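Peer 1: Below is the file target-v2.pdb, with PDB, C-alpha atoms.
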ATOM      1  CA  MET A   1      89.788  83.265  77.606
ATOM      2  CA  LEU A   2      90.547  80.404  79.967
ATOM      3  CA  ALA A   3      91.223  80.854  83.697
ATOM      4  CA  VAL A   4      93.007  78.515  86.103
ATOM      5  CA  ILE A   5      92.107  79.132  89.747
ATOM      6  CA  VAL A   6      94.705  77.878  92.237
ATOM      7  CA  ALA A   7      93.141  77.115  95.615
ATOM      8  CA  ASN A   8      94.965  75.847  98.679
ATOM      9  CA  GLY A   9      94.584  72.050  98.648
ATOM     10  CA  SER A  10      97.489  69.643  98.379
ATOM     11  CA  SER A  11      96.584  68.638  94.810
ATOM     12  CA  VAL A  12      98.532  71.703  93.674
ATOM     13  CA  ASP A  13     101.671  69.747  94.583
ATOM     14  CA  GLN A  14     100.696  66.972  92.164
ATOM     15  CA  MET A  15     100.704  69.261  89.135
ATOM     16  CA  GLY A  16     104.065  69.018  87.413
ATOM     17  CA  ALA A  17     106.247  71.644  85.773
ATOM     18  CA  GLU A  18     104.626  71.010  82.378
ATOM     19  CA  PHE A  19     101.255  72.064  83.769
ATOM     20  CA  TRP A  20     102.559  75.300  85.261
ATOM     21  CA  ARG A  21     104.426  76.176  82.062
ATOM     22  CA  ARG A  22     101.171  75.733  80.162
ATOM     23  CA  CYS A  23      99.388  78.006  82.634
ATOM     24  CA  GLU A  24     101.886  80.808  81.979
ATOM     25  CA  ARG A  25     100.908  81.125  78.321
ATOM     26  CA  ASP A  26      99.087  84.249  77.180
ATOM     27  CA  ASP A  27      95.760  82.451  76.620
ATOM     28  CA  VAL A  28      95.470  81.537  80.320
ATOM     29  CA  LEU A  29      94.550  83.811  83.214
ATOM     30  CA  LEU A  30      96.372  82.232  86.174
ATOM     31  CA  VAL A  31      94.768  83.277  89.464
ATOM     32  CA  GLY A  32      96.132  82.304  92.867
ATOM     33  CA  THR A  33      94.219  82.548  96.125
ATOM     34  CA  ASN A  34      95.015  83.261  99.765
ATOM     35  CA  ARG A  35      98.412  81.648 100.567
ATOM     36  CA  ALA A  36      99.428  80.665  97.017
ATOM     37  CA  LEU A  37     102.355  83.088  96.879
ATOM     38  CA  CYS A  38     104.276  80.985  99.405
ATOM     39  CA  PHE A  39     103.516  77.608  97.814
ATOM     40  CA  LYS A  40     106.701  75.714  97.038
ATOM     41  CA  THR A  41     105.349  74.495  93.710
ATOM     42  CA  LEU A  42     104.535  78.036  92.541
ATOM     43  CA  GLN A  43     107.940  79.585  93.127
ATOM     44  CA  GLY A  44     109.069  81.013  89.790
ATOM     45  CA  VAL A  45     105.579  80.678  88.253
ATOM     46  CA  ARG A  46     104.065  83.906  86.935
ATOM     47  CA  LEU A  47     100.645  84.554  88.485
ATOM     48  CA  ASP A  48      98.385  87.068  86.760
ATOM     49  CA  ALA A  49      96.289  87.787  89.849
ATOM     50  CA  MET A  50      95.835  86.927  93.514
ATOM     51  CA  VAL A  51      92.457  86.874  95.284
ATOM     52  CA  ILE A  52      91.913  86.949  99.042
ATOM     53  CA  ARG A  53      88.431  86.485 100.505
ATOM     54  CA  ASP A  54      89.034  87.603 104.095
ATOM     55  CA  THR A  55      92.203  89.368 105.300
ATOM     56  CA  TYR A  56      95.844  88.398 105.628
ATOM     57  CA  ARG A  57      95.371  88.165 109.390
ATOM     58  CA  ASP A  58      92.950  85.260 108.863
ATOM     59  CA  LEU A  59      95.341  83.071 106.872
ATOM     60  CA  TRP A  60      97.112  81.439 109.846
ATOM     61  CA  ARG A  61      96.091  80.755 113.433
ATOM     62  CA  ASP A  62      99.008  82.883 114.659
ATOM     63  CA  GLN A  63      98.627  86.296 113.036
ATOM     64  CA  LYS A  64     102.373  86.859 112.937
ATOM     65  CA  PHE A  65     102.582  84.509 109.939
ATOM     66  CA  GLY A  66      99.941  86.510 108.115
ATOM     67  CA  GLU A  67     101.912  89.669 108.832
ATOM     68  CA  ILE A  68     105.120  88.123 107.441
ATOM     69  CA  TYR A  69     103.233  86.890 104.362
ATOM     70  CA  HIS A  70     101.638  90.285 103.765
ATOM     71  CA  ARG A  71     104.941  92.108 104.141
ATOM     72  CA  ASP A  72     107.295  89.742 102.311
ATOM     73  CA  PHE A  73     105.089  88.006  99.732
ATOM     74  CA  TRP A  74     101.743  89.702  99.135
ATOM     75  CA  ARG A  75     102.683  93.390  98.953
ATOM     76  CA  PRO A  76     105.832  92.906  96.796
ATOM     77  CA  ALA A  77     104.069  90.577  94.303
ATOM     78  CA  SER A  78     103.732  92.157  90.871
ATOM     79  CA  CYS A  79     100.409  90.488  90.012
ATOM     80  CA  TRP A  80      96.986  92.185  90.287
ATOM     81  CA  LYS A  81      95.531  91.790  93.786
ATOM     82  CA  VAL A  82      91.806  91.496  94.557
ATOM     83  CA  GLY A  83      90.240  91.616  98.005
ATOM     84  CA  PRO A  84      86.918  92.017  99.858
ATOM     85  CA  ALA A  85      85.324  95.460  99.807
ATOM     86  CA  ASP A  86      83.988  95.057 103.340
ATOM     87  CA  ARG A  87      87.437  94.331 104.839
ATOM     88  CA  ARG A  88      89.983  96.726 103.376
ATOM     89  CA  VAL A  89      92.900  95.619 105.516
ATOM     90  CA  THR A  90      94.954  93.660 102.988
ATOM     91  CA  HIS A  91      96.803  95.742 100.384
ATOM     92  CA  CYS A  92      94.898  95.271  97.097
ATOM     93  CA  ASP A  93      94.608  96.875  93.657
ATOM     94  CA  GLN A  94      90.875  96.167  93.504
ATOM     95  CA  PHE A  95      88.119  95.473  96.004
ATOM     96  CA  VAL A  96      84.915  93.612  95.134
ATOM     97  CA  ARG A  97      81.580  93.261  96.898
ATOM     98  CA  GLN A  98      79.772  90.000  97.608
ATOM     99  CA  ALA A  99      76.227  89.871  96.237
ATOM    100  CA  PRO A 100      73.607  87.103  96.000
ATOM    101  CA  GLY A 101      73.950  84.862  92.958
ATOM    102  CA  TRP A 102      76.577  84.371  90.291
ATOM    103  CA  GLN A 103      77.441  87.728  88.722
ATOM    104  CA  GLY A 104      77.227  87.151  84.971
ATOM    105  CA  GLY A 105      78.364  90.649  84.071
ATOM    106  CA  PRO A 106      79.938  93.710  85.692
ATOM    107  CA  VAL A 107      77.614  95.394  88.183
ATOM    108  CA  ALA A 108      79.341  98.452  89.628
ATOM    109  CA  ASP A 109      78.140 100.386  92.660
ATOM    110  CA  ARG A 110      78.466 104.161  92.994
ATOM    111  CA  ASN A 111      82.123 103.706  93.937
ATOM    112  CA  GLY A 112      82.725 101.792  90.725
ATOM    113  CA  GLU A 113      83.359  98.543  92.582
ATOM    114  CA  LEU A 114      82.179  95.287  91.043
ATOM    115  CA  ALA A 115      80.321  92.450  92.740
ATOM    116  CA  VAL A 116      81.036  88.717  92.831
ATOM    117  CA  MET A 117      78.822  85.897  94.042
ATOM    118  CA  LYS A 118      78.398  85.760  97.806
ATOM    119  CA  ASN A 119      80.362  82.710  98.840
ATOM    120  CA  SER A 120      82.072  80.641 101.498
ATOM    121  CA  SER A 121      85.028  79.728  99.276
ATOM    122  CA  VAL A 122      87.738  81.976  97.889
ATOM    123  CA  ALA A 123      87.764  79.717  94.800
ATOM    124  CA  ILE A 124      84.224  80.870  93.937
ATOM    125  CA  MET A 125      85.213  84.493  94.505
ATOM    126  CA  ALA A 126      88.222  84.068  92.206
ATOM    127  CA  ALA A 127      86.200  82.180  89.583
ATOM    128  CA  ASN A 128      83.508  84.864  89.426
ATOM    129  CA  TRP A 129      86.149  87.594  89.236
ATOM    130  CA  ALA A 130      87.857  85.717  86.369
ATOM    131  CA  TRP A 131      84.487  85.409  84.597
ATOM    132  CA  LEU A 132      84.089  89.189  84.809
ATOM    133  CA  GLN A 133      87.507  89.520  83.136
ATOM    134  CA  GLY A 134      86.197  87.517  80.171
ATOM    135  CA  ALA A 135      87.185  83.933  81.053
ATOM    136  CA  ARG A 136      84.587  81.458  79.787
ATOM    137  CA  THR A 137      86.392  78.261  80.768
ATOM    138  CA  ILE A 138      87.129  78.098  84.494
ATOM    139  CA  CYS A 139      89.545  75.409  85.729
ATOM    140  CA  LEU A 140      90.057  74.685  89.422
ATOM    141  CA  VAL A 141      93.093  73.117  91.055
ATOM    142  CA  GLY A 142      93.601  72.701  94.783
ATOM    143  CA  VAL A 143      89.835  72.563  95.384
ATOM    144  CA  ASP A 144      90.069  69.249  97.222
ATOM    145  CA  TYR A 145      88.026  69.316 100.441
ATOM    146  CA  CYS A 146      90.173  66.414 101.581
ATOM    147  CA  GLY A 147      93.756  65.900 102.654
ATOM    148  CA  GLY A 148      96.091  68.663 103.690
ATOM    149  CA  HIS A 149      97.276  72.039 102.544
ATOM    150  CA  GLY A 150      99.646  72.695  99.665
ATOM    151  CA  ALA A 151     103.295  72.598 100.746
ATOM    152  CA  MET A 152     104.550  76.022 101.773
ATOM    153  CA  LEU A 153     107.931  77.663 102.194
ATOM    154  CA  ASP A 154     109.414  78.311 105.620
ATOM    155  CA  PRO A 155     108.456  79.804 108.019
ATOM    156  CA  PHE A 156     104.909  78.906 106.930
ATOM    157  CA  ALA A 157     105.486  75.160 106.439
ATOM    158  CA  ALA A 158     104.974  74.284 110.104
ATOM    159  CA  ALA A 159     102.476  77.064 110.887
ATOM    160  CA  SER A 160      98.860  76.131 111.602
ATOM    161  CA  PRO A 161      96.328  77.604 109.152
ATOM    162  CA  GLY A 162      93.758  77.122 111.889
ATOM    163  CA  TRP A 163      91.541  74.476 110.340
ATOM    164  CA  GLU A 164      93.259  71.144 110.989
ATOM    165  CA  GLY A 165      90.777  68.296 110.643
ATOM    166  CA  GLN A 166      88.205  70.398 108.799
ATOM    167  CA  TYR A 167      88.545  68.375 105.615
ATOM    168  CA  ASP A 168      88.224  65.043 107.428
ATOM    169  CA  LYS A 169      84.482  65.731 107.286
ATOM    170  CA  PRO A 170      82.231  65.511 104.204
ATOM    171  CA  VAL A 171      81.879  68.651 102.087
ATOM    172  CA  SER A 172      79.129  70.780 103.610
ATOM    173  CA  ALA A 173      75.794  71.002 101.829
ATOM    174  CA  ALA A 174      76.158  74.797 101.679
ATOM    175  CA  ILE A 175      79.498  74.587  99.842
ATOM    176  CA  GLU A 176      78.091  72.020  97.399
ATOM    177  CA  ARG A 177      75.110  74.312  96.719
ATOM    178  CA  GLN A 178      77.303  77.333  96.094
ATOM    179  CA  PHE A 179      79.544  75.502  93.650
ATOM    180  CA  ALA A 180      76.521  73.891  91.968
ATOM    181  CA  ARG A 181      74.865  77.291  91.484
ATOM    182  CA  SER A 182      78.106  78.668  90.079
ATOM    183  CA  ALA A 183      78.381  75.768  87.626
ATOM    184  CA  GLU A 184      74.744  76.105  86.614
ATOM    185  CA  ALA A 185      75.142  79.821  85.897
ATOM    186  CA  ILE A 186      78.384  79.318  83.973
ATOM    187  CA  GLN A 187      76.964  76.513  81.849
ATOM    188  CA  SER A 188      73.712  78.364  81.133
ATOM    189  CA  SER A 189      75.826  81.213  79.744
ATOM    190  CA  GLY A 190      77.768  78.875  77.466
ATOM    191  CA  GLY A 191      80.793  78.545  79.726
ATOM    192  CA  VAL A 192      82.598  75.583  81.269
ATOM    193  CA  ILE A 193      83.890  74.913  84.778
ATOM    194  CA  VAL A 194      85.980  71.838  85.651
ATOM    195  CA  ASN A 195      88.096  70.589  88.535
ATOM    196  CA  PHE A 196      91.637  69.349  87.855
ATOM    197  CA  SER A 197      91.824  67.853  91.366
ATOM    198  CA  SER A 198      90.996  64.220  90.598
ATOM    199  CA  SER A 199      90.785  63.225  94.274
ATOM    200  CA  SER A 200      88.484  66.098  95.250
ATOM    201  CA  ARG A 201      85.456  65.312  97.400
ATOM    202  CA  LEU A 202      83.528  68.204  95.857
ATOM    203  CA  ALA A 203      80.737  66.637  93.783
ATOM    204  CA  ALA A 204      79.306  69.817  92.240
ATOM    205  CA  ILE A 205      82.129  70.391  89.733
ATOM    206  CA  ASN A 206      83.016  67.757  87.157
ATOM    207  CA  PRO A 207      86.612  66.499  87.141
ATOM    208  CA  ALA A 208      88.750  66.867  84.024
ATOM    209  CA  ASP A 209      92.258  66.087  82.860
ATOM    210  CA  TRP A 210      94.237  69.285  82.375
ATOM    211  CA  ARG A 211      95.783  68.142  79.081
ATOM    212  CA  THR A 212      92.329  67.628  77.588
ATOM    213  CA  THR A 213      91.168  71.088  78.667
ATOM    214  CA  LEU A 214      94.334  73.151  78.214
ATOM    215  CA  GLY A 215      96.145  71.213  75.538
ATOM    216  CA  THR A 216      99.931  70.954  75.579
TER     217      THR A 216
END
Would you mind writing the file's structure down as structure tokens?
Peer 2:
Amino acid sequence: MLAVIVANGSSVDQMGAEFWRRCERDDVLLVGTNRALCFKTLQGVRLDAMVIRDTYRDLWRDQKFGEIYHRDFWRPASCWKVGPADRRVTHCDQFVRQAPGWQGGPVADRNGELAVMKNSSVAIMAANWAWLQGARTICLVGVDYCGGHGAMLDPFAAASPGWEGQYDKPVSAAIERQFARSAEAIQSSGGVIVNFSSSSRLAAINPADWRTTLGT
């Protein structure tokens, strides 16, 4: 199985309709993260799952936007929803724990909850969750660490996510290490991880053209 992880960078807006149609095929697990449900480019696209690392209240500086998103977008969405086991505020179908290291297989606790790699990026959380679902090729889009946020619908378009200027700085060494360890674990298990965001500043994940990886 192949998984496409949709993070929040503006490169999602550069992917055309042909790409999203390809992602809706049965051989692709299409996983959005955080605010993806209100992305303009994803309206009408069928997501298989949504992953949130923190809580809906953390998605915008003003919590009222998170509350609107949770009420009008997140809760009504028909896709499978995954959230953090230590913060059970957001409505989810499944909660997962964070544990040291890439989780190569399902490790359930006494509550039956699985673990994913402890991380600072929701894209890593979503990638490890997709791996546990059987995906062996992981494709990232919107993992830019430069530029702005993906274009969102109103009323979110003008709302501050709370991190303006963060991606004007180089990618932190900790983030690079976490992605590098993820890639190392995936590759050592015979898998592949690539980044469709050609302008990304993240060095740990090799770039790739989506047509080469997904086909048309």
Peer 1: Measuring between only C-alpha atoms, which one of A:Gly162, A:Gly16, A:Gly44, A:Pro84 shows the shortest distance to Met125 (chain A)?
Peer 2: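 The shortest atom-to-atom distance to Met125 (chain A) comes from A:Pro84.
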Peer 1: Pick the closest to Phe156 (chain A) from A:Glu24, A:Val45, A:Val31, A:Tyr69: which is it, counting all atoms listed in the file?
Peer 2: A:Tyr69
Peer 1: Would you write out, as a VMD selection string, every residue that the PyMOL selection byres ((chain A and resi 88) around 12) captures in this file?
Peer 2: chain A and resid 52 to 57 82 to 87 89 to 97
Peer 1: Would you please work out which residue, of A:Cys38, A:Ala123, A:Val4, A:Ile193, is nearest to Asp154 (chain A) when using only C-alpha atoms?
Peer 2: A:Cys38
Peer 1: Would you mind listing what lies within 9 Å of Ala204 (chain A) as number ranges by chain, with only C-alpha atoms counted and same-chain residues fewer than 2 positions away left out?
Peer 2: A: 175-181, 183, 202, 206
